[in-house]
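Student: This is the structure, below, for whatever I ask next.
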Amino acid sequence: MLGYIKTQRDDLRIRDFRLYKQQYCALCQGIGKKYGIVYRLILSYDMVFLALVLENFETEMTPLSFKCPTNPFKKINTSISNNVIEYCAFINYYLSVLKLEDDIIDEKNNVKKIILKFFKHNSQYQNILNTYGVKLNILSELMNKINSLELENAGFDQLSNLFGEFFVELFQLFFKLYKEDCVIEKYDNLYSLCFNLGKWIYIIDAYEDYNEDMQNGNFNLLQNIMKEDDSDNKLNAHKNIAMINKILILKMEKSFHEITWNKYKEILYNIVSLGCTNTYFKILHEKYPEIESIIKTTF
């Protein structure tokens with residue numbers, strides 16, 4: 001669920017990659033300052049994407065200068081939105097809690113149960129949970145519904161659409177908390193971009209974990225698609241999944257071009273188009289090398 005939204009570095013200008021890394025460092029600093037240094041390790045590149053998008057709706061930026069704790073000779077100078085950094089740091093933490101809960105259900109892992117207790121008892125996390133209050137309920141409700149439907153072996157469209165709605169709500173919640181007069185529904189193309197990106201994440205996560213899930217007897221979104229295919233190496237199923245990936249990326253590109261971006265346009269487009277494609281190809285190469293060359297010719 002985390003870690004799939006990344007840049008295709010080779011196709012970014014040096015200046016843009018530096019901006020991208022600065023945003024990552026600012027989020028790392030924000031998590032460490034708010035929750036504790038050890039929690040910097042949970043930072044996901046997905047949150048950098050979230051921050052870059054949300055900063056397009058912010059006007060007040062604060063200069064920030066600090067040294068990297070892992071490299072005291074490296075000084076970072078950037079400007080940030082305090083609202084965005086606070087929000088993205090919290091969402092990163094919140095999603096890490098959800099991921100641990102999901103892993104515990106799947107793996108019955110006692111070590112992760114102990115780690116989850118530490119996460120949940122973090123005083124700063126509890127304070128923000130209480131501050132955000134009922135506005136967080138929809139995220140919990142959507143995730144509970146997804147978990148319940150997975151137990152019922154629900155259909156592909158129902159589950160992937162629901163996770164698309166969950167991902168939209170990650171963006172929507174920022175508007176609810178910090179911009180009460182401005183909601184994401186007013187921005188149809190942003191809604192479409194977030195919805196399709198959420199669907200893509202859920203599908204690509206299932207694609208990466210499919211073999212392991214089947215070995216462990218866990219639910220996987222793609223299990224029915226795969227089981228219904230009797231071709232060699234499930235080739236037809238892989239082609240269908242490739243087509244779904246391509247369609248979702250094309251939809252994201254279309255929505256992206258219809259949004260007016262004030263900041264980070266080149267970086268964001270690199271992530272949405274090339275980054276997502278590269279992530280898919282990387283999983284294909286690592287998990288399904290036997291059919292990689294065939295699928296790439298059809299993508």
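Residues are referred to by chain and number: the chain letter is A, B, ... according to the order shown in the structure tokens, the number counts from 1 in that chain, and ligands are numbered separately from 1 in the order shown.
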Taking only C-alpha atoms into account, produce a table as a tab-separated table in which each residue of range 187-269 of chain A with an atom at most 9 Å from an atom of range 139-163 of chain A appears once, together with its shortest atom pair and the distance in Å to one decimal, ordered by chain and rising number.
Tutor:
residue	atom	partner	partner_atom	distance
A:Phe195	CA	A:Asn161	CA	7.7
A:Asn196	CA	A:Asn161	CA	8.4
A:Gly198	CA	A:Phe163	CA	5.9
A:Lys199	CA	A:Ser160	CA	5.0
A:Trp200	CA	A:Ser160	CA	8.0
A:Ile201	CA	A:Phe163	CA	8.5
A:Tyr202	CA	A:Ser160	CA	6.3
A:Ile203	CA	A:Ser160	CA	6.9
A:Phe219	CA	A:Glu150	CA	6.4
A:Asn220	CA	A:Glu150	CA	7.9
A:Leu221	CA	A:Phe156	CA	6.0
A:Leu222	CA	A:Phe156	CA	7.2
A:Asn224	CA	A:Phe156	CA	8.4
A:Ile225	CA	A:Phe156	CA	8.6
Student: Could you pull out the alpha helix (DSSP H) residues of range 133-255 of chain A, going by DSSP on the backbone, and write them as an NGL selection string?
Tutor: :A and (137-151 or 156-178 or 188-216 or 223-227 or 235-255)
Student: Excluding range 129-137 of chain A and any residue of its chain fewer than 5 positions from it, enumerate the residues within 10 Å of it, using only C-alpha atoms, and give them as number ranges by chain.
Tutor: A: 90, 94, 123-124, 142-143, 169-170, 173, 176-177
Student: Applying 10 Å and only C-alpha atoms, which residues near Tyr178 in chain A remain after dropping the ones on its own chain fewer than 5 positions away? List them as a ChimeraX atom specification.
Tutor: /A:58,83-84,87,173
Student: Nearest residue to Ala89 in chain A out of A:Leu41, A:Leu19, A:Ile14, A:Met47, using only C-alpha atoms?
Tutor: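 For Ala89 in chain A, the nearest of the candidates is A:Met47.
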Student: Point out the residue among A:Asp229, A:Asn240, A:Trp261, A:Asn211 with the least atom-to-atom distance to Lys287 in chain A, counting only C-alpha atoms.
Tutor: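 Nearest candidate to Lys287 in chain A out of A:Asp229, A:Asn240, A:Trp261, A:Asn211: A:Asn211.
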Student: Please report the interatomic distance between CA of Tyr207 in chain A and CA of Lys265 in chain A in Å with one decimal.
Tutor: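 According to the coordinates, CA of Tyr207 in chain A and CA of Lys265 in chain A are separated by 28.8 Å.
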Student: What does the distance between CA of Ile244 in chain A and CA of Leu197 in chain A come to in Å, to one decimal place?
Tutor: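 For CA of Ile244 in chain A relative to CA of Leu197 in chain A, the distance reads 12.1 Å.
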Student: Just give me the gap between CA of Lys33 in chain A and CA of Glu86 in chain A in Å, one decimal is fine.
Tutor: 10.1 Å
Student: Hey, what's within 10 Å of Arg9 in chain A if we count only C-alpha atoms and toss same-chain stuff fewer than 3 positions away? As a PyMOL selection string, please?
Tutor: chain A and resi 6+12-14+16-17+267+270-271+274-275
